[in-house]
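Structure first, then comments.
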Amino acid sequence: MAWVTKSSDEQYTPEPAPREYTKQEKAANWWHYHKVTIFVVLIVIALIAWVLHDTLDQVQPDLQVGYVGTTSLPDETVEALQNALLPYCTDRNGDGQVVVEVSQYNVDFATSDMGEDPYTQIAGTTQLTAELAAGSDTYLFLLQDPEGFQTQTQVLQYVDGTLPPDDGTANDWQRMVYRWSDCPVLAAMDLGEYTQNYASAETAGSNQDLMASLYIGCRGNWNQEVSESYTESLALWDTLTLGATSPAAAS
């Protein structure tokens with residue numbers, strides 16, 4: 001058996017006491033290991049706050065009108081149109097203010113390809129498709145090419161409020177729209193003037209003259225439940241087109 005002996009001369013030094021760190025040192029050590037996490041959390045909080053601020057502060061329109069044409073209307077024309085429609089609208093959403101929004105969709109129904117600006121055509125078609133989906137509150141449309149619009153979308157109702165057959169063959173667009181200039185209420189609106197800058201020139205003119213060649217139509221409601229937005233849009237349609245003559249009657 002092996003014996004372990006200890007020399008009587010051997011000296012043992014006690015372990016030194018653990019060092020006490022100052023508050024500053026402890027804070028610096030904690031920050032060293034957690035600063036990345038803190039940065040990530042702050043970024044996430046900032047993004048959430050931005051989204052909530054943007055959502056809560058966004059004004060919801062009481063009336064939405066869509067314009068569909070190959071080119072956009074001047075900003076001054078859109079603003080004048082929105083202001084001219086305000087007296088005919090009510091505070092439908094109850095937020096204390098009346099807001100009219102005119103959205104523009106650049107689509108050329110006359111060409112079978114993407115045209116000179118395919119990106120604008122694709123964007124306009126995509127946005128318009130979304131606006132015509134179920135649940136959209138846009139029922140009134142200002143159209144540059146009502147025949148092409150109805151042929152491609154099949155969403156317009158007749159001017160008397162009745163619905164055409166839901167079989168994709170209703171192309172008698174003349175019975176579904178009014179020309180702007182043939183609507184006394186629309187033609188009498190004070191829309192003022194516009195100016196627009198192009199590549200090398202500036203154009204100006206009357207907003208009424210610019211709107212005169214457009215048509216106004218109302219998207220039909222084929223759903224069993226009639227939405228409030230459709231009911232109010234239909235009532236506004238009757239007001240704006242009072243005394244108008246349809247292209248079908250004129251022909």
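Labeling convention for the structure tokens: chains A, B, ... as they appear, residues from 1 per chain, ligands from 1 in order of appearance.
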List every residue of region 20-245 of chain A that DSSP, applied to the backbone, labels as helix (DSSP H, G or I), and write the result as a compact mmCIF listing (two decimals) with C-alpha atoms, in the first residue's frame.
# COMPACT_ATOMS: atom_id res chain seq x y z
CA LYS A 23 -20.80 49.50 -11.11
CA GLN A 24 -19.23 51.06 -14.19
CA GLU A 25 -17.26 47.88 -14.94
CA LYS A 26 -20.35 45.70 -14.48
CA ALA A 27 -22.35 47.97 -16.80
CA ALA A 28 -19.60 47.93 -19.42
CA ASN A 29 -19.41 44.12 -19.28
CA TRP A 30 -23.19 43.74 -19.60
CA TRP A 31 -23.26 46.17 -22.55
CA HIS A 32 -20.46 44.26 -24.27
CA TYR A 33 -22.50 41.05 -24.35
CA HIS A 34 -25.96 42.50 -24.93
CA LYS A 35 -25.51 45.52 -27.22
CA VAL A 36 -26.42 43.62 -30.42
CA THR A 37 -29.64 42.36 -28.87
CA ILE A 38 -30.52 45.87 -27.70
CA PHE A 39 -29.94 47.29 -31.19
CA VAL A 40 -32.19 44.64 -32.77
CA VAL A 41 -34.97 45.25 -30.23
CA LEU A 42 -34.80 49.03 -30.80
CA ILE A 43 -35.01 48.57 -34.57
CA VAL A 44 -38.04 46.27 -34.24
CA ILE A 45 -39.78 48.74 -31.90
CA ALA A 46 -39.07 51.60 -34.31
CA LEU A 47 -40.53 49.64 -37.25
CA ILE A 48 -43.66 48.72 -35.29
CA ALA A 49 -44.12 52.35 -34.20
CA TRP A 50 -43.70 53.55 -37.81
CA VAL A 51 -46.27 51.06 -39.12
CA LEU A 52 -48.78 51.94 -36.39
CA HIS A 53 -48.27 55.67 -36.95
CA ASP A 54 -48.71 55.30 -40.71
CA THR A 55 -51.82 53.14 -40.27
CA LEU A 56 -53.53 55.22 -37.60
CA ASP A 57 -52.77 58.57 -39.26
CA ASP A 75 -52.15 66.61 -60.48
CA GLU A 76 -54.06 69.90 -60.61
CA THR A 77 -56.92 68.19 -62.46
CA VAL A 78 -57.13 65.39 -59.90
CA GLU A 79 -57.10 67.86 -57.01
CA ALA A 80 -59.76 70.03 -58.64
CA LEU A 81 -61.96 67.00 -59.27
CA GLN A 82 -61.64 65.78 -55.70
CA ASN A 83 -62.59 69.20 -54.36
CA ALA A 84 -65.52 69.54 -56.78
CA LEU A 85 -66.98 66.22 -55.60
CA LEU A 86 -66.75 67.05 -51.88
CA PRO A 87 -70.16 68.84 -51.67
CA TYR A 88 -71.87 65.71 -53.01
CA PRO A 118 -44.45 47.78 -70.49
CA TYR A 119 -43.72 48.46 -66.81
CA THR A 120 -46.43 51.12 -66.57
CA GLN A 121 -48.87 48.85 -68.41
CA ILE A 122 -48.17 45.91 -66.12
CA ALA A 123 -48.41 48.07 -62.99
CA GLY A 124 -51.65 49.69 -64.14
CA THR A 125 -53.24 46.36 -65.05
CA THR A 126 -52.24 44.80 -61.73
CA GLN A 127 -53.54 47.72 -59.70
CA LEU A 128 -56.80 47.86 -61.65
CA THR A 129 -57.36 44.13 -61.21
CA ALA A 130 -56.97 44.52 -57.45
CA GLU A 131 -59.36 47.48 -57.44
CA PRO A 146 -65.15 52.51 -72.06
CA GLU A 147 -65.43 49.87 -74.79
CA GLY A 148 -62.00 48.42 -74.02
CA PHE A 149 -62.65 48.64 -70.28
CA GLN A 150 -65.94 46.73 -70.47
CA THR A 151 -64.59 44.16 -72.94
CA GLN A 152 -61.67 43.36 -70.65
CA THR A 153 -63.35 43.61 -67.24
CA TRP A 173 -71.01 49.62 -73.43
CA GLN A 174 -73.00 52.52 -74.91
CA ARG A 175 -75.83 51.61 -72.52
CA TRP A 180 -68.72 63.68 -69.17
CA SER A 181 -69.78 66.53 -71.45
CA ASP A 182 -73.31 65.05 -71.71
CA PRO A 184 -75.07 68.75 -66.97
CA VAL A 185 -73.91 68.40 -63.36
CA LEU A 186 -70.39 67.33 -64.28
CA ALA A 187 -70.04 69.78 -67.15
CA ASN A 207 -59.68 71.00 -66.77
CA GLN A 208 -63.23 70.86 -68.12
CA ASP A 209 -61.88 70.58 -71.65
CA LEU A 210 -59.59 67.79 -70.48
CA MET A 211 -62.45 65.89 -68.85
CA GLU A 228 -72.84 50.62 -48.01
CA SER A 229 -70.17 51.95 -50.37
CA TYR A 230 -72.08 50.62 -53.38
CA THR A 231 -75.37 52.11 -52.15
CA GLU A 232 -73.81 55.54 -51.66
CA SER A 233 -71.90 55.37 -54.94
CA LEU A 234 -75.11 54.52 -56.77
CA ALA A 235 -76.90 57.47 -55.14
CA LEU A 236 -74.05 59.75 -56.18
CA TRP A 237 -74.15 58.30 -59.69
CA ASP A 238 -77.83 59.30 -59.95
CA THR A 239 -76.97 62.83 -58.79
CA LEU A 240 -73.98 63.36 -61.07
Show which residues sit within 10 Å of Gly161 (chain A), as a list in words. Count only C-alpha atoms, and ignore same-chain residues fewer than 4 positions away. Leu156, Gln157, Met176, Cys218, Arg219, Gly220, Asn221, Leu234, Trp237 and Asp238 of chain A
Excluding Gln104 (chain A) and its own-chain neighbours fewer than 3 positions away, which residues fall within 7 Å of it when counting only C-alpha atoms? Please give them as number ranges by chain. A: 66-68, 72
Using only C-alpha atoms, can you tell me which of A:Met189, A:Ala110, A:Val59, A:Val177 comes closest to Val98 (chain A)?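 Among the listed residues, A:Val59 lies closest to Val98 (chain A).
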Counting only C-alpha atoms, figure out which residue out of A:Gln144, A:Ser103, A:Pro74, A:Leu163 gets nearest to Ala204 (chain A).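 Ranking A:Gln144, A:Ser103, A:Pro74, A:Leu163 by distance to Ala204 (chain A), first place goes to A:Pro74.
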Nearest to Thr138 (chain A): which of A:Val102, A:Glu193, A:Gly96, A:Gly243 is it, counting only C-alpha atoms?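 Closest to Thr138 (chain A) of all the choices is A:Val102.
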Separation of CA of Arg179 (chain A) from CA of Asp91 (chain A) in Å: 27.8 Å
If I take CA of Asn93 (chain A) and CA of Cys183 (chain A), how far is one from the other in Å, to one decimal? 28.1 Å
